[in-house]
Structure formats: C-alpha cells, structure tokens
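Visitor: So here's upload04.pdb (PDB, C-alpha atoms).
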```pdb
ATOM      1  CA  MET A   1       8.893  -2.424  -7.103
ATOM      2  CA  ASP A   2      10.551  -5.789  -7.447
ATOM      3  CA  ASP A   3       8.479  -8.914  -7.963
ATOM      4  CA  ARG A   4      10.185 -11.079  -5.321
ATOM      5  CA  SER A   5       7.286 -10.676  -2.899
ATOM      6  CA  ASP A   6       4.624 -10.927  -5.597
ATOM      7  CA  ARG A   7       2.273 -13.797  -4.807
ATOM      8  CA  SER A   8       0.532 -13.491  -8.158
ATOM      9  CA  ALA A   9      -0.868 -16.467  -9.974
ATOM     10  CA  GLY A  10       1.507 -17.667 -12.686
ATOM     11  CA  SER A  11       2.427 -15.003 -15.181
ATOM     12  CA  ASP A  12      -0.666 -12.839 -14.709
ATOM     13  CA  PRO A  13       0.396  -9.278 -15.461
ATOM     14  CA  GLY A  14      -2.053  -7.679 -13.034
ATOM     15  CA  VAL A  15      -2.130  -3.902 -13.034
ATOM     16  CA  PRO A  16       1.376  -2.499 -12.531
ATOM     17  CA  GLU A  17      -0.044   1.041 -12.350
ATOM     18  CA  ALA A  18      -2.137   0.177  -9.281
ATOM     19  CA  MET A  19       0.380   0.468  -6.446
ATOM     20  CA  PRO A  20       1.851   3.846  -7.450
ATOM     21  CA  ARG A  21      -1.688   5.197  -7.784
ATOM     22  CA  VAL A  22      -2.628   3.864  -4.353
ATOM     23  CA  LEU A  23       0.508   5.375  -2.806
ATOM     24  CA  ILE A  24      -0.157   8.756  -4.405
ATOM     25  CA  ARG A  25      -3.745   8.653  -3.153
ATOM     26  CA  LEU A  26      -2.386   7.934   0.338
ATOM     27  CA  ARG A  27       0.046  10.829   0.048
ATOM     28  CA  ASP A  28      -2.700  13.197  -1.065
ATOM     29  CA  GLN A  29      -5.279  12.121   1.523
ATOM     30  CA  LEU A  30      -3.106  11.570   4.601
ATOM     31  CA  GLY A  31      -0.138  13.853   3.928
ATOM     32  CA  ILE A  32       3.424  12.555   4.060
ATOM     33  CA  PRO A  33       4.210  14.164   7.455
ATOM     34  CA  THR A  34       1.560  11.943   9.085
ATOM     35  CA  ILE A  35       2.887   8.649   7.635
ATOM     36  CA  ASP A  36       5.037   6.657  10.063
ATOM     37  CA  ARG A  37       5.390   3.412   8.089
ATOM     38  CA  LEU A  38       3.689   1.244   5.480
ATOM     39  CA  TRP A  39       3.157  -2.490   5.175
ATOM     40  CA  ILE A  40       2.662  -3.272   1.499
ATOM     41  CA  PHE A  41       1.143  -6.681   0.883
ATOM     42  CA  PRO A  42       1.822  -8.459  -2.413
ATOM     43  CA  PRO A  43      -1.112  -8.096  -4.806
ATOM     44  CA  VAL A  44      -3.275 -11.030  -5.773
ATOM     45  CA  ARG A  45      -3.389 -11.052  -9.569
ATOM     46  CA  ARG A  46      -5.743 -12.718 -11.974
ATOM     47  CA  GLY A  47      -5.193 -11.754 -15.587
ATOM     48  CA  ARG A  48      -5.406  -7.992 -15.946
ATOM     49  CA  ARG A  49      -7.083  -7.564 -12.557
ATOM     50  CA  GLU A  50      -5.574  -7.371  -9.093
ATOM     51  CA  GLN A  51      -6.490  -6.637  -5.522
ATOM     52  CA  GLY A  52      -4.192  -5.582  -2.759
ATOM     53  CA  LEU A  53      -3.763  -4.154   0.701
ATOM     54  CA  VAL A  54      -1.569  -1.489   2.270
ATOM     55  CA  ALA A  55      -1.552  -0.918   6.032
ATOM     56  CA  VAL A  56      -0.394   2.497   7.217
ATOM     57  CA  SER A  57       0.760   3.587  10.665
ATOM     58  CA  THR A  58       0.114   7.318  11.037
ATOM     59  CA  PHE A  59       1.298   9.790  13.643
ATOM     60  CA  LEU A  60      -1.310  11.332  15.912
ATOM     61  CA  ASP A  61      -1.146  15.083  16.542
ATOM     62  CA  ASP A  62      -1.627  14.804  20.264
ATOM     63  CA  SER A  63       0.408  11.699  21.132
ATOM     64  CA  GLU A  64       3.991  10.590  20.615
ATOM     65  CA  ASP A  65       3.371   7.137  22.092
ATOM     66  CA  ARG A  66       0.354   6.163  19.975
ATOM     67  CA  ARG A  67      -0.290   5.743  16.263
ATOM     68  CA  SER A  68      -3.390   5.310  14.164
ATOM     69  CA  MET A  69      -3.737   2.388  11.747
ATOM     70  CA  VAL A  70      -5.306   3.015   8.353
ATOM     71  CA  THR A  71      -5.771   0.271   5.777
ATOM     72  CA  VAL A  72      -6.186   0.739   2.061
ATOM     73  CA  ALA A  73      -7.758  -2.155   0.209
ATOM     74  CA  TYR A  74      -7.871  -1.726  -3.552
ATOM     75  CA  VAL A  75      -9.158  -3.392  -6.676
ATOM     76  CA  ALA A  76      -7.568  -2.523 -10.013
ATOM     77  CA  GLU A  77      -8.322  -3.616 -13.555
ATOM     78  CA  HIS A  78      -7.183  -3.061 -17.124
ATOM     79  CA  THR A  79     -10.225  -2.734 -19.366
ATOM     80  CA  GLY A  80     -10.755  -1.707 -22.971
ATOM     81  CA  ARG A  81     -11.251   1.825 -21.672
ATOM     82  CA  GLY A  82      -8.064   2.036 -19.627
ATOM     83  CA  VAL A  83      -7.058   1.402 -16.047
ATOM     84  CA  THR A  84      -9.335   1.636 -13.044
ATOM     85  CA  VAL A  85      -8.003   1.645  -9.495
ATOM     86  CA  THR A  86     -10.545   1.732  -6.691
ATOM     87  CA  PRO A  87      -9.004   2.191  -3.235
ATOM     88  CA  SER A  88     -10.960   2.106   0.012
ATOM     89  CA  LEU A  89      -9.386   3.766   3.071
ATOM     90  CA  THR A  90     -10.485   2.581   6.502
ATOM     91  CA  ARG A  91      -9.344   3.958   9.854
ATOM     92  CA  GLU A  92      -8.869   0.865  12.007
ATOM     93  CA  GLY A  93      -7.971   2.391  15.388
ATOM     94  CA  ASP A  94      -5.173   3.697  17.606
ATOM     95  CA  ALA A  95      -2.509   1.797  19.541
ATOM     96  CA  PRO A  96       1.101   2.043  20.706
ATOM     97  CA  PRO A  97       3.370   1.625  17.653
ATOM     98  CA  ASP A  98       5.070  -1.477  19.066
ATOM     99  CA  ARG A  99       1.743  -3.354  18.784
ATOM    100  CA  PHE A 100       1.385  -2.894  15.023
ATOM    101  CA  PRO A 101       3.856  -5.629  13.975
ATOM    102  CA  THR A 102       1.782  -8.145  15.970
ATOM    103  CA  VAL A 103      -1.382  -6.841  14.319
ATOM    104  CA  ILE A 104       0.211  -7.246  10.876
ATOM    105  CA  GLU A 105       1.305 -10.804  11.747
ATOM    106  CA  GLY A 106      -2.321 -11.546  12.630
ATOM    107  CA  VAL A 107      -3.478 -10.171   9.276
ATOM    108  CA  VAL A 108      -1.003 -12.464   7.516
ATOM    109  CA  ARG A 109      -2.166 -15.512   9.520
ATOM    110  CA  ARG A 110      -5.844 -14.827   8.868
ATOM    111  CA  GLY A 111      -5.201 -14.045   5.194
ATOM    112  CA  GLY A 112      -3.592 -17.408   4.603
ATOM    113  CA  GLU A 113      -1.012 -18.235   1.987
ATOM    114  CA  GLU A 114      -2.679 -16.143  -0.715
ATOM    115  CA  LEU A 115      -2.073 -12.852   1.147
ATOM    116  CA  GLY A 116       1.688 -13.293   1.554
ATOM    117  CA  GLU A 117       4.189 -11.420   3.705
ATOM    118  CA  PRO A 118       4.111  -7.628   3.545
ATOM    119  CA  ARG A 119       7.053  -5.388   2.857
ATOM    120  CA  GLU A 120       7.555  -2.890   5.682
ATOM    121  CA  VAL A 121       8.666   0.587   4.595
ATOM    122  CA  GLU A 122       9.630   3.207   7.166
ATOM    123  CA  ILE A 123       8.648   6.717   6.050
ATOM    124  CA  ASP A 124       8.835   8.572   9.400
ATOM    125  CA  GLY A 125       7.102  11.616   7.898
ATOM    126  CA  SER A 126       9.923  12.098   5.371
ATOM    127  CA  ALA A 127       9.050  13.349   1.885
ATOM    128  CA  ALA A 128      12.435  12.068   0.658
ATOM    129  CA  ARG A 129      11.719   8.523   1.875
ATOM    130  CA  PHE A 130       8.266   8.567   0.315
ATOM    131  CA  GLU A 131       9.700   9.800  -3.001
ATOM    132  CA  GLU A 132      12.340   7.028  -2.865
ATOM    133  CA  LEU A 133       9.499   4.524  -2.624
ATOM    134  CA  LEU A 134       7.714   6.075  -5.615
ATOM    135  CA  GLU A 135      10.958   6.006  -7.619
ATOM    136  CA  GLU A 136      10.832   2.189  -7.524
ATOM    137  CA  PHE A 137       7.974   2.311 -10.027
ATOM    138  CA  ASP A 138       8.070   2.937 -13.759
ATOM    139  CA  PRO A 139       7.999   6.733 -14.241
ATOM    140  CA  ALA A 140       5.427   6.275 -17.022
ATOM    141  CA  PHE A 141       2.904   5.109 -14.386
ATOM    142  CA  LEU A 142       3.475   8.285 -12.370
ATOM    143  CA  LYS A 143       3.293  10.581 -15.410
ATOM    144  CA  ALA A 144       0.009   9.015 -16.499
ATOM    145  CA  MET A 145      -1.481  10.228 -13.210
ATOM    146  CA  ASP A 146      -0.353  13.806 -13.804
ATOM    147  CA  SER A 147      -2.246  14.113 -17.073
TER     148      SER A 147
END
```
Could you take the file, read its structure, and then write that structure out as structure tokens?
Guide:
Amino acid sequence: MDDRSDRSAGSDPGVPEAMPRVLIRLRDQLGIPTIDRLWIFPPVRRGRREQGLVAVSTFLDDSEDRRSMVTVAYVAEHTGRGVTVTPSLTREGDAPPDRFPTVIEGVVRRGGEELGEPREVEIDGSAARFEELLEEFDPAFLKAMDS
C-alpha cells in the first residue's frame, strides 16, 4: 500500500506486516462475499509499533437496503521474538449503506488530526477485488502468514 495517506510520526517504520494480516483475518472471519467496502485509516506509528483502524460495511443476508458496520481496531509490534498483530473486531450496528460515509466522516472528526482520512475500497463481495487489494502489499508479508 502506498504511504501517501500514512500519518505516521516522522520516519517510524511501524509494522508493515500489520495491514495484510488484518485484511486476511477479516477475509477469514467475515468471508469475502459479505464484504461491501472497507475504509482503511492510516496507521499511527511509533517506532516499531503501530495501531490502526479498518471499518467494514458488510452485506446482510436478509436485506438489500441495509448493511452492517464492523470495525477492526488493531495494535501491532515488532519485538525480539517477531511480529505480533492483535486485532479486535466489533459489530457496530446496521444502517442503510448511504449513511456510512457520514458515519466515517464523524469518526474522522472525533479522531482529530492524528487519525487521518481513510482510504475507501469497494469490494462488493468480489474475491478478485479483495485479492487486488492484497497484491498492494509485499508478497513476503503474505507468505509469512502461510507458514
């Protein structure tokens, strides 16, 4: 993923493995067919530690005109023993999909300058679109998860 939206402090490296791991956890727990779109907030980095947020609009089985919002807050760190990524998924509630951009704007306002503007990624239940997103990351980070 490019660093244009990265609101990290100075040249802190953070944990570049964190976001692909969070996305794969989302894929495995929610299933790609349920994912409508993602809002990926820039991570806040301090040294070899970072925290971040991804908001996910998911399709509901019984409703075409409503979506469910799930957020994934994570903390990641490089330690002497390797990389730890600790995501926390929270189901926030259901609403018509046209309300989510306003909700995201509110998150940005409340988060202040440190949170930054999210990148919106439309998945629309497409495995190909989700894989395109994963391809933006260093393949070594994805292979490390397979082992």
Visitor: Between atom CA of A:Arg27 and atom CA of A:Ala128, what is the spacing in Å?
Guide: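 Atom CA of A:Arg27 lies at a distance of 12.5 Å from atom CA of A:Ala128.
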Visitor: Starting from the PyMOL selection byres ((chain A and resi 89) around 8), expand the selection into actual residues of this file and give them as a list in words.
Guide: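 Residues picked by the PyMOL selection byres ((chain A and resi 89) around 8): Val70, Thr71, Val72, Ala73, Pro87, Ser88, Thr90 and Arg91 of chain A.
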Visitor: Name the closest residue to A:Val15 among the candidates A:Glu105, A:Glu50, A:Glu120, A:Glu64; distances are taken between atoms, counting only C-alpha atoms.
Guide: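 Checking each of A:Glu105, A:Glu50, A:Glu120, A:Glu64 against A:Val15, counting only C-alpha atoms, the winner is A:Glu50.
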Visitor: As a PyMOL selection string, please: the residues near stretch 38-49 of chain A (cut-off 7 Å, only C-alpha atoms, same-chain neighbours under 2 positions excluded).
Guide: chain A and resi 5-9+12-15+51-57+76-78+115-122
Visitor: Of the residues A:Ala18, A:Leu133, A:Val107, A:Ala127, which is the one nearest to A:Thr34, using all atoms listed in the file?
Guide: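 The shortest atom-to-atom distance to A:Thr34 comes from A:Ala127.
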Visitor: What does the distance from atom CA of A:Glu17 to atom CA of A:Gln29 come to in Å, to one decimal?
Guide: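 Separation between atom CA of A:Glu17 and atom CA of A:Gln29: 18.5 Å.
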Visitor: With all atoms listed in the file as the counted atoms, please give the residues lying no more than 9 Å from A:Asp124, apart from itself and same-chain residues fewer than 2 positions off, as an NGL selection string.
Guide: :A and (32-37 or 58-59 or 122 or 126-127 or 129)
Visitor: Choose the residue, out of A:Pro96, A:Pro16, A:Ala140, A:Ile123, that has the smallest atom-to-atom separation from A:Arg67; count only C-alpha atoms.
Guide: A:Pro96
Visitor: Return as JSON the centre and edge lengths, in Å with one decimal, of the box along x, y and z that encloses every atom of stretch 58-74 of chain A in the file, padded by 4 Å per side.
Guide:
```
{"center_x": -1.9, "center_y": 6.5, "center_z": 9.3, "size_x": 19.9, "size_y": 25.2, "size_z": 33.6}
```
Visitor: Just the number, please: distance in Å from atom CA of A:Leu30 to atom CA of A:Gly82, one decimal.
Guide: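 These atoms are spaced 26.5 Å apart.
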Visitor: Do you know which residues the PyMOL selection byres ((chain A and resi 20) around 8) returns on this file, as a PDB file with C-alpha atoms, in the frame of the given file?
Guide:
```pdb
ATOM      1  CA  GLU A  17      -0.044   1.041 -12.350  1.00  0.00           C
ATOM      2  CA  ALA A  18      -2.137   0.177  -9.281  1.00  0.00           C
ATOM      3  CA  MET A  19       0.380   0.468  -6.446  1.00  0.00           C
ATOM      4  CA  ARG A  21      -1.688   5.197  -7.784  1.00  0.00           C
ATOM      5  CA  VAL A  22      -2.628   3.864  -4.353  1.00  0.00           C
ATOM      6  CA  LEU A  23       0.508   5.375  -2.806  1.00  0.00           C
ATOM      7  CA  ILE A  24      -0.157   8.756  -4.405  1.00  0.00           C
ATOM      8  CA  LEU A 134       7.714   6.075  -5.615  1.00  0.00           C
ATOM      9  CA  PHE A 137       7.974   2.311 -10.027  1.00  0.00           C
ATOM     10  CA  PHE A 141       2.904   5.109 -14.386  1.00  0.00           C
ATOM     11  CA  LEU A 142       3.475   8.285 -12.370  1.00  0.00           C
TER      12      LEU A 142
END
```
